[in-house]
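As provided, target_37.csv (CSV, C-alpha atoms and all ligand atoms) reads as follows.
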```
chain,number,residue,atom,x,y,z
A,1,MET,CA,-89.5,19.4,-90.3
A,2,ASN,CA,-90.9,16.2,-91.6
A,3,VAL,CA,-88.6,16.2,-94.6
A,4,ASN,CA,-85.5,16.9,-92.4
A,5,LEU,CA,-86.3,14.1,-90.0
A,6,LYS,CA,-86.6,11.7,-92.9
A,7,ARG,CA,-83.2,12.8,-94.3
A,8,LEU,CA,-81.6,12.5,-90.9
A,9,LYS,CA,-82.9,8.9,-90.5
A,10,GLY,CA,-81.6,7.9,-93.9
A,11,MET,CA,-78.2,9.3,-93.2
A,12,TRP,CA,-78.0,7.4,-90.0
A,13,ALA,CA,-78.9,4.1,-91.6
A,14,SER,CA,-76.3,4.4,-94.4
A,15,SER,CA,-73.5,5.4,-92.0
A,16,ARG,CA,-74.4,2.4,-89.7
A,17,ASN,CA,-73.9,0.0,-92.7
A,18,LEU,CA,-70.6,1.6,-93.4
A,19,LEU,CA,-69.6,1.2,-89.8
A,20,ILE,CA,-70.4,-2.5,-89.8
A,21,ILE,CA,-68.4,-3.1,-92.9
A,22,ALA,CA,-65.5,-1.1,-91.5
A,23,LEU,CA,-65.6,-3.2,-88.3
A,24,LEU,CA,-65.7,-6.4,-90.2
A,25,ILE,CA,-62.6,-5.4,-92.2
A,26,LEU,CA,-60.9,-4.5,-89.1
A,27,ALA,CA,-61.7,-7.8,-87.4
A,28,MET,CA,-60.5,-9.8,-90.4
A,29,SER,CA,-57.3,-7.9,-90.6
A,30,ALA,CA,-56.7,-8.5,-87.0
A,31,ALA,CA,-57.4,-12.2,-87.4
A,32,PHE,CA,-55.0,-12.3,-90.4
A,33,ILE,CA,-52.3,-10.6,-88.4
A,34,VAL,CA,-52.9,-13.0,-85.5
A,35,PHE,CA,-52.7,-15.9,-87.9
A,36,GLN,CA,-49.6,-14.6,-89.5
A,37,THR,CA,-47.8,-13.9,-86.2
A,38,SER,CA,-49.0,-16.7,-83.9
A,39,GLU,CA,-46.5,-19.5,-83.4
A,40,LYS,CA,-47.3,-23.0,-84.6
A,41,SER,CA,-45.4,-26.2,-84.3
A,42,ALA,CA,-44.9,-29.5,-86.1
A,43,THR,CA,-42.7,-32.6,-85.5
A,44,ILE,CA,-40.4,-34.0,-88.1
A,45,VAL,CA,-39.2,-37.5,-87.5
A,46,ASP,CA,-36.2,-38.3,-89.6
A,47,GLY,CA,-35.0,-41.8,-88.8
A,48,GLU,CA,-33.6,-41.7,-85.3
A,49,LYS,CA,-33.8,-37.9,-85.2
A,50,THR,CA,-36.9,-36.0,-84.0
A,51,ILE,CA,-37.1,-32.2,-84.8
A,52,GLU,CA,-39.6,-29.9,-83.1
A,53,TYR,CA,-40.3,-27.3,-85.8
A,54,THR,CA,-42.0,-24.0,-84.9
A,55,PHE,CA,-43.2,-21.7,-87.6
A,56,ARG,CA,-45.6,-18.8,-88.4
A,57,GLY,CA,-47.9,-18.3,-91.2
A,58,GLU,CA,-48.3,-20.7,-94.1
A,59,ARG,CA,-45.5,-23.2,-94.7
A,60,SER,CA,-45.5,-26.2,-97.0
A,61,ILE,CA,-43.9,-29.5,-96.0
A,62,ARG,CA,-41.2,-28.8,-98.5
A,63,ASP,CA,-40.6,-25.3,-96.8
A,64,ALA,CA,-40.3,-27.0,-93.5
A,65,LEU,CA,-37.7,-29.5,-94.7
A,66,LEU,CA,-35.7,-26.6,-96.3
A,67,ASP,CA,-35.9,-24.6,-93.0
A,68,ASN,CA,-34.4,-27.5,-91.2
A,69,GLU,CA,-31.8,-28.2,-93.9
A,70,ILE,CA,-33.2,-31.7,-94.4
A,71,SER,CA,-32.4,-33.0,-97.9
A,72,LEU,CA,-34.2,-36.0,-99.4
A,73,GLY,CA,-32.5,-38.7,-101.4
A,74,GLU,CA,-34.0,-40.0,-104.6
A,75,MET,CA,-35.6,-43.0,-103.0
A,76,ASP,CA,-36.5,-41.4,-99.6
A,77,GLU,CA,-40.1,-41.0,-98.9
A,78,VAL,CA,-42.1,-38.5,-96.8
A,79,SER,CA,-45.3,-39.5,-95.1
A,80,GLN,CA,-47.3,-36.7,-96.7
A,81,PRO,CA,-47.0,-35.0,-100.1
A,82,VAL,CA,-44.3,-32.3,-99.8
A,83,THR,CA,-46.6,-29.7,-101.4
A,84,ASP,CA,-49.1,-30.1,-98.5
A,85,ILE,CA,-49.5,-27.1,-96.2
A,86,LEU,CA,-48.2,-27.9,-92.8
A,87,GLU,CA,-50.8,-27.8,-90.0
A,88,ASN,CA,-50.3,-27.0,-86.4
A,89,GLY,CA,-49.4,-30.1,-84.4
A,90,GLN,CA,-48.8,-32.3,-87.5
A,91,GLU,CA,-46.1,-35.0,-87.5
A,92,ILE,CA,-44.1,-35.5,-90.7
A,93,ARG,CA,-42.2,-38.7,-91.0
A,94,ILE,CA,-39.2,-39.3,-93.4
A,95,ASN,CA,-38.5,-42.8,-94.4
A,96,ARG,CA,-34.9,-43.0,-95.5
A,97,ALA,CA,-34.3,-45.5,-98.3
A,98,ARG,CA,-32.0,-48.4,-97.4
A,99,GLU,CA,-30.9,-51.7,-98.7
A,100,ILE,CA,-33.2,-54.7,-97.9
A,101,THR,CA,-32.6,-58.3,-98.8
A,102,VAL,CA,-35.6,-60.5,-99.8
A,103,VAL,CA,-35.0,-64.2,-100.1
A,104,ALA,CA,-37.4,-66.0,-102.4
A,105,ASP,CA,-37.5,-68.8,-105.0
A,106,GLY,CA,-33.8,-69.6,-104.3
A,107,LYS,CA,-32.7,-66.1,-105.1
A,108,GLU,CA,-31.6,-63.1,-103.0
A,109,TYR,CA,-33.1,-59.8,-104.0
A,110,GLU,CA,-31.2,-56.8,-102.8
A,111,PHE,CA,-32.8,-53.5,-103.4
A,112,VAL,CA,-33.2,-50.0,-102.0
A,113,THR,CA,-36.5,-49.0,-100.6
A,114,ALA,CA,-38.0,-46.5,-98.2
A,115,GLN,CA,-40.9,-48.8,-97.5
A,116,ARG,CA,-41.1,-50.1,-94.0
A,117,GLN,CA,-44.0,-52.5,-94.0
A,118,VAL,CA,-43.2,-56.0,-95.2
A,119,ASP,CA,-46.1,-56.4,-97.6
A,120,ASP,CA,-45.3,-52.9,-99.1
A,121,ILE,CA,-41.7,-54.0,-99.7
A,122,ILE,CA,-42.7,-57.2,-101.4
A,123,ARG,CA,-45.2,-55.4,-103.5
A,124,GLN,CA,-42.6,-52.8,-104.6
A,125,LEU,CA,-40.2,-55.6,-105.5
A,126,GLY,CA,-42.9,-57.0,-107.7
A,127,LEU,CA,-42.9,-60.5,-106.1
A,128,ARG,CA,-46.2,-62.3,-106.4
A,129,LEU,CA,-47.5,-64.0,-103.2
A,130,GLU,CA,-49.7,-67.1,-103.4
A,131,GLU,CA,-52.3,-67.8,-100.8
A,132,LEU,CA,-50.3,-70.3,-98.8
A,133,ASP,CA,-46.9,-68.7,-99.0
A,134,MET,CA,-45.3,-67.9,-95.7
A,135,VAL,CA,-43.4,-64.6,-95.1
A,136,GLN,CA,-41.0,-63.9,-92.3
A,137,PRO,CA,-41.3,-61.4,-90.7
A,138,SER,CA,-45.1,-61.3,-91.2
A,139,LEU,CA,-46.7,-59.1,-93.9
A,140,GLU,CA,-48.2,-56.6,-91.4
A,141,GLN,CA,-44.9,-56.1,-89.6
A,142,GLU,CA,-43.0,-52.8,-89.8
A,143,ILE,CA,-39.3,-53.2,-90.2
A,144,GLY,CA,-37.5,-50.9,-87.9
A,145,ASP,CA,-34.3,-49.1,-88.9
A,146,ASP,CA,-32.4,-51.5,-86.6
A,147,PHE,CA,-33.6,-54.6,-88.6
A,148,LEU,CA,-30.5,-56.4,-89.8
A,149,GLY,CA,-32.1,-59.6,-91.1
A,150,GLU,CA,-33.7,-60.4,-94.4
A,151,ILE,CA,-37.3,-61.0,-95.5
A,152,LYS,CA,-37.9,-64.6,-96.3
A,153,ILE,CA,-40.6,-65.9,-98.5
A,154,THR,CA,-41.3,-69.6,-98.3
A,155,ARG,CA,-43.4,-71.0,-101.2
A,156,VAL,CA,-46.0,-73.4,-99.8
A,157,VAL,CA,-47.7,-75.9,-102.1
A,158,GLU,CA,-50.2,-78.5,-100.9
A,159,GLU,CA,-51.0,-81.6,-102.8
A,160,VAL,CA,-53.5,-84.4,-102.2
A,161,VAL,CA,-52.2,-87.7,-103.3
A,162,THR,CA,-53.8,-91.2,-103.2
A,163,ALA,CA,-51.6,-94.2,-103.3
A,164,LYS,CA,-52.5,-97.9,-103.3
A,165,GLN,CA,-50.6,-100.0,-100.8
A,166,PRO,CA,-50.7,-103.8,-100.2
A,167,VAL,CA,-52.1,-105.0,-96.9
A,168,LYS,CA,-50.0,-107.9,-95.7
A,169,TYR,CA,-52.0,-111.0,-94.9
A,170,SER,CA,-51.7,-112.6,-91.5
A,171,LYS,CA,-50.9,-116.2,-90.6
A,172,VAL,CA,-52.8,-118.4,-88.3
A,173,THR,CA,-52.0,-121.9,-87.2
A,174,ARG,CA,-54.5,-124.5,-85.9
A,175,ASN,CA,-53.8,-127.8,-84.3
A,176,ASN,CA,-55.2,-130.8,-86.1
A,177,GLN,CA,-55.5,-134.0,-84.1
A,178,SER,CA,-55.8,-136.1,-87.2
A,179,LEU,CA,-52.5,-135.0,-88.6
A,180,ASP,CA,-49.3,-136.6,-87.3
A,181,LYS,CA,-47.0,-134.5,-85.1
A,182,GLY,CA,-44.4,-132.8,-87.3
A,183,VAL,CA,-46.8,-132.4,-90.3
A,184,VAL,CA,-47.7,-128.9,-91.3
A,185,LYS,CA,-50.4,-128.5,-93.9
A,186,THR,CA,-51.4,-125.2,-95.5
A,187,VAL,CA,-55.2,-125.4,-95.8
A,188,GLN,CA,-55.7,-121.8,-97.0
A,189,SER,CA,-53.0,-119.8,-98.7
A,190,GLY,CA,-52.7,-116.2,-97.8
A,191,LYS,CA,-53.4,-113.3,-100.2
A,192,ASP,CA,-52.4,-109.7,-99.7
A,193,GLY,CA,-55.2,-107.1,-99.6
A,194,LEU,CA,-55.2,-103.6,-101.0
A,195,ARG,CA,-55.6,-100.3,-99.3
A,196,SER,CA,-55.8,-96.8,-100.7
A,197,VAL,CA,-54.3,-94.0,-98.6
A,198,THR,CA,-55.1,-90.4,-99.3
A,199,GLU,CA,-52.6,-88.0,-97.9
A,200,LYS,CA,-52.1,-84.2,-97.9
A,201,VAL,CA,-48.5,-83.4,-98.8
A,202,VAL,CA,-47.1,-80.0,-98.0
A,203,TYR,CA,-44.1,-78.7,-99.8
A,204,HIS,CA,-41.9,-75.8,-98.7
A,205,ASP,CA,-39.9,-74.4,-101.5
A,206,GLY,CA,-40.4,-77.6,-103.5
A,207,GLU,CA,-39.3,-79.9,-100.7
A,208,GLU,CA,-41.6,-82.2,-98.8
A,209,PHE,CA,-42.3,-80.7,-95.4
A,210,SER,CA,-45.2,-82.7,-94.0
A,211,ARG,CA,-47.5,-85.5,-94.8
A,212,THR,CA,-50.9,-86.1,-93.2
A,213,VAL,CA,-53.2,-89.0,-93.8
A,214,LEU,CA,-56.7,-87.7,-94.8
A,215,GLU,CA,-58.4,-91.0,-95.5
A,216,GLU,CA,-57.6,-94.6,-95.4
A,217,LYS,CA,-59.7,-97.2,-97.2
A,218,VAL,CA,-59.4,-100.9,-97.5
A,219,GLU,CA,-60.3,-101.8,-101.1
A,220,LYS,CA,-59.7,-105.5,-100.8
A,221,GLU,CA,-59.5,-107.4,-97.5
A,222,PRO,CA,-56.5,-109.7,-97.1
A,223,VAL,CA,-57.0,-113.4,-97.0
A,224,GLU,CA,-55.3,-115.0,-94.0
A,225,GLU,CA,-53.0,-118.0,-94.4
A,226,ILE,CA,-54.2,-121.0,-92.4
A,227,GLN,CA,-51.8,-123.8,-91.5
A,228,GLU,CA,-52.7,-126.9,-89.6
A,229,VAL,CA,-50.2,-128.4,-87.3
A,230,GLY,CA,-50.5,-132.1,-86.6
A,231,THR,CA,-50.8,-133.0,-82.9
A,232,ASN,CA,-51.3,-136.8,-83.3
A,233,VAL,CA,-48.5,-138.7,-81.6
A,234,TYR,CA,-49.9,-142.2,-82.0
A,235,ILE,CA,-49.3,-144.6,-84.9
A,236,ALA,CA,-50.8,-148.0,-85.2
A,237,THR,CA,-48.1,-150.6,-85.4
A,238,SER,CA,-47.9,-154.3,-84.7
A,239,ARG,CA,-47.5,-153.2,-81.1
A,240,GLY,CA,-50.9,-151.5,-81.1
A,241,GLN,CA,-51.2,-147.6,-80.7
A,242,THR,CA,-47.5,-146.7,-80.5
A,243,ARG,CA,-46.4,-143.2,-79.3
A,244,PHE,CA,-43.9,-141.4,-81.6
A,245,ASP,CA,-41.8,-138.4,-81.0
A,246,MET,CA,-41.7,-137.0,-84.6
A,247,VAL,CA,-42.5,-137.9,-88.1
A,248,MET,CA,-40.2,-137.1,-91.0
A,249,TYR,CA,-39.2,-137.9,-94.5
A,250,VAL,CA,-35.8,-139.4,-95.0
A,251,THR,CA,-33.6,-140.4,-98.0
A,252,ALA,CA,-33.0,-144.1,-97.4
A,253,THR,CA,-30.3,-146.3,-99.0
A,254,GLY,CA,-29.3,-149.9,-98.4
A,255,TYR,CA,-26.0,-151.5,-97.3
A,256,CYS,CA,-24.5,-154.8,-96.3
A,257,SER,CA,-21.4,-156.0,-94.4
A,258,CYS,CA,-19.2,-156.3,-97.5
A,259,SER,CA,-16.0,-154.2,-97.8
A,260,GLN,CA,-17.6,-152.2,-100.6
A,261,CYS,CA,-20.3,-151.1,-98.2
A,262,THR,CA,-18.5,-150.9,-94.9
A,263,GLY,CA,-14.8,-150.7,-95.9
A,264,PRO,CA,-12.0,-152.8,-94.3
A,265,GLY,CA,-12.6,-154.6,-91.1
A,266,ASP,CA,-15.5,-156.7,-89.9
A,267,GLY,CA,-18.6,-155.4,-91.5
A,268,THR,CA,-20.9,-157.3,-89.2
A,269,VAL,CA,-20.1,-155.3,-86.2
A,270,THR,CA,-21.9,-152.0,-86.0
A,271,ALA,CA,-20.8,-148.7,-84.5
A,272,SER,CA,-22.8,-149.4,-81.4
A,273,GLY,CA,-21.1,-152.8,-81.0
A,274,ALA,CA,-24.1,-154.9,-81.8
A,275,ARG,CA,-24.1,-157.4,-84.6
A,276,THR,CA,-25.8,-156.3,-87.8
A,277,LYS,CA,-29.2,-157.8,-88.4
A,278,ALA,CA,-31.4,-157.5,-91.4
A,279,ASN,CA,-34.9,-156.1,-90.9
A,280,HIS,CA,-33.5,-154.5,-87.7
A,281,THR,CA,-30.3,-152.5,-88.1
A,282,ILE,CA,-30.2,-149.0,-89.5
A,283,ALA,CA,-27.5,-146.3,-89.5
A,284,ALA,CA,-28.7,-142.8,-88.7
A,285,SER,CA,-27.0,-139.5,-87.9
A,286,SER,CA,-25.8,-138.9,-84.3
A,287,GLN,CA,-28.9,-136.8,-83.6
A,288,PHE,CA,-30.6,-140.2,-83.0
A,289,SER,CA,-29.0,-142.0,-80.2
A,290,PHE,CA,-28.3,-145.8,-80.4
A,291,GLY,CA,-31.4,-147.7,-79.5
A,292,THR,CA,-33.8,-145.3,-81.0
A,293,GLU,CA,-36.6,-147.1,-82.8
A,294,PHE,CA,-37.9,-146.1,-86.2
A,295,TYR,CA,-41.2,-147.2,-87.5
A,296,ILE,CA,-41.1,-147.3,-91.4
A,297,PRO,CA,-44.6,-148.1,-92.8
A,298,TYR,CA,-42.9,-149.1,-96.1
A,299,PHE,CA,-41.6,-152.2,-94.4
A,300,SER,CA,-44.7,-153.0,-92.4
A,301,LYS,CA,-45.2,-156.3,-94.2
A,302,ASN,CA,-41.7,-157.5,-93.3
A,303,SER,CA,-41.0,-159.8,-90.5
A,304,ASN,CA,-40.1,-156.9,-88.2
A,305,ARG,CA,-43.5,-155.1,-89.0
A,306,GLY,CA,-41.5,-152.1,-90.1
A,307,ILE,CA,-39.7,-151.5,-86.7
A,308,PHE,CA,-36.0,-150.8,-86.9
A,309,GLU,CA,-33.3,-149.8,-84.4
A,310,VAL,CA,-30.6,-147.2,-84.8
A,311,GLU,CA,-27.4,-149.2,-84.2
A,312,ASP,CA,-24.9,-147.9,-86.8
A,313,ARG,CA,-23.4,-144.7,-88.2
A,314,GLY,CA,-21.9,-143.9,-91.5
A,315,GLY,CA,-19.7,-141.2,-93.0
A,316,ALA,CA,-22.4,-140.1,-95.5
A,317,ILE,CA,-25.3,-140.6,-93.1
A,318,LYS,CA,-26.1,-137.0,-92.0
A,319,GLY,CA,-29.3,-135.1,-91.4
A,320,ASN,CA,-32.3,-136.8,-93.0
A,321,ARG,CA,-30.4,-139.7,-94.4
A,322,ILE,CA,-30.6,-143.3,-93.2
A,323,ASP,CA,-28.9,-146.5,-94.3
A,324,ILE,CA,-30.8,-149.8,-94.0
A,325,TYR,CA,-29.0,-153.0,-93.5
A,326,PHE,CA,-29.6,-156.0,-95.8
A,327,ASN,CA,-28.1,-159.5,-95.7
A,328,THR,CA,-26.7,-159.3,-99.3
A,329,HIS,CA,-25.1,-156.7,-101.4
A,330,GLU,CA,-27.6,-157.6,-104.1
A,331,GLU,CA,-30.6,-156.8,-101.9
A,332,ALA,CA,-29.0,-153.6,-100.8
A,333,LEU,CA,-28.5,-152.5,-104.4
A,334,LYS,CA,-32.0,-153.6,-105.3
A,335,PHE,CA,-33.4,-151.4,-102.6
A,336,GLY,CA,-31.5,-148.4,-104.1
A,337,ARG,CA,-32.4,-145.0,-102.9
A,338,ARG,CA,-35.9,-144.1,-101.7
A,339,THR,CA,-37.7,-141.3,-99.9
A,340,LEU,CA,-39.5,-142.8,-97.0
A,341,LYS,CA,-41.8,-141.7,-94.2
A,342,VAL,CA,-40.3,-142.5,-90.9
A,343,TYR,CA,-41.8,-142.3,-87.4
A,344,VAL,CA,-39.2,-141.8,-84.7
A,345,LEU,CA,-40.7,-143.8,-81.8
A,346,ASP,CA,-40.8,-142.4,-78.3
A,401,ZN,ZN,-22.4,-154.5,-99.7
```

Show me, as structure tokens, the structure contained in the file I just sent.
Ligand SMILES: [Zn+2]
Amino acid sequence: MNVNLKRLKGMWASSRNLLIIALLILAMSAAFIVFQTSEKSATIVDGEKTIEYTFRGERSIRDALLDNEISLGEMDEVSQPVTDILENGQEIRINRAREITVVADGKEYEFVTAQRQVDDIIRQLGLRLEELDMVQPSLEQEIGDDFLGEIKITRVVEEVVTAKQPVKYSKVTRNNQSLDKGVVKTVQSGKDGLRSVTEKVVYHDGEEFSRTVLEEKVEKEPVEEIQEVGTNVYIATSRGQTRFDMVMYVTATGYCSCSQCTGPGDGTVTASGARTKANHTIAASSQFSFGTEFYIPYFSKNSNRGIFEVEDRGGAIKGNRIDIYFNTHEEALKFGRRTLKVYVLD
């Protein structure tokens, strides 16, 4: 009895193991069948076209494309390797190659690519981008199939330049009471200074695009020009402190009443109608009306104490020229031609 019972127990144990194995195989087969027969789907995006693809079992991406009669051109690209096994719910994207124009360095590159992102396209073309270069559209941008423009690369170069520039001196004038009115004296001559200007110059494709001043430094201050303008309107004459209107330098010559000096007619009658008088009569341009008195320091020792009156005119007497009347031709010749300081009295 004991022996039989043991045998029975052993038999039961081994058949139970067999049963478990059999059940497992059954379950796996069922799972396999379910896997093989259950419907799965994937999305294939081919440009503008979207295909919902349903399949059963194990299909590679290549199989899926074949099933949908999608053929790939040489340059076309698929988002995943075509040998990959398609998973349920997966999206496959086909980028059809097309012609893209890239403008850079004065050239137009036309080439066929399936790339959509700008930086990928530039990389594929083999163009090197420097740090400051600008790209339009921007590098991260995806170019849609409706994009009709071109990709433009602008080469940007920055340069820092320092140039020396002169600083123009300024002019100041001061009144000087001890200088006669009409006299201008430069007491300090002006000198230009020097400035250094540092600028950042930006070039776009080799042409200057912008210029920004970074630093400006005065290396040498300019020296201002100082002029003194006379304001004194009084001159000491035999009449005491005499007020004058202006002081000027004139070219003075002598004349007499002879025909050589005054031509035909009575040389003793002046243009103003007055009779000529030595140490008194002078001819001046019409800017000085008849009766205007001139004080000429050169003649201050003469009987007239250097005070003359404009009474006459002369064909050659223009601007800063005067003619002084003498009694004789000899005296007039002796006087000759001199530059004299003249005060036009008020
Ligand atoms: Zn004469």

query: How would you write, as an MDAnalysis selection string, the set of residues no farther than 7 Å from ligand ZN 401 (chain A) when counting all atoms listed in the file?
result: chainID A and resid 255:261 328:329 332

- request: Step by step: start from the point (-31.9, -141.6, -93.6) in the file's coordinates, keep every protein, DNA or RNA residue that has an atom no farther than 6 Å from it, count only C-alpha atoms, and write the set as a PyMOL selection string.
  value: chain A and resi 250-252+284+320-323

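Shortest separation to Arg275 in chain A among A:Ile226, A:Glu199, A:Glu311, A:Lys301 occurs at residue A:Glu311, atoms counted being only C-alpha atoms.
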
- prompt: Contacts of Asp63 in chain A at 10 Å or less, counting only C-alpha atoms, minus same-chain residues fewer than 2 places along, as a ChimeraX atom specification?
  reply: /A:58-61,65-69,82-86

- request: Record the distance separating CA of Glu215 in chain A and CA of Thr198 in chain A, expressed in Å with one decimal.
  value: 5.1 Å

message: Please determine, counting only C-alpha atoms, which residue among A:Lys185, A:Lys164, A:Lys318, A:Lys341 has the shortest atom-to-atom distance to Met248 in chain A.
response: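 Among the listed residues, the smallest separation from Met248 in chain A belongs to A:Lys341.
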
- request: Measuring atom to atom with all atoms listed in the file, identify which of A:Glu293, A:Glu140, A:Glu87, A:Glu159 is nearest to Thr242 in chain A.
  value: A:Glu293

field: Best match for closeness to Arg195 in chain A among A:Leu132, A:Ile70, A:Gly314, A:Glu221, counting all atoms listed in the file
entry: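 For Arg195 in chain A, the nearest of the candidates is A:Glu221.
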
message: Residues near range 203-212 of chain A, anyone? I mean within 9 Å using only C-alpha atoms, not counting same-chain ones fewer than 3 positions away, as a list in words.
response: Ala104, Asp105, Gly106, Asp133, Thr154, Arg155, Val156, Val157, Glu158, Glu159, Thr198, Glu199 and Lys200 of chain A

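If you look at CA of Ile100 in chain A and CA of Ile51 in chain A, they are 26.3 Å away from each other.
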
- line: Using all atoms listed in the file, the shortest atom-to-atom distance to Lys181 in chain A among A:Ala114, A:Ile282, A:Ile143, A:Met246 belongs to A:Met246

- request: Would you kindly return, as a PyMOL selection string, each protein, DNA or RNA residue with an atom no farther than 9 Å from any atom of range 287-292 of chain A, considering only C-alpha atoms and excluding same-chain residues fewer than 2 positions away?
  value: chain A and resi 272+284-285+294+308-312+318-319+344-346

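Picture a line from CA of Ile296 in chain A to CA of Leu340 in chain A; it runs 7.4 Å.
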
- prompt: Nearest to Gly230 in chain A: which of A:Lys334, A:Arg96, A:Lys107, A:Arg174 is it, counting only C-alpha atoms?
  reply: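 Smallest separation from Gly230 in chain A among the options: A:Arg174.
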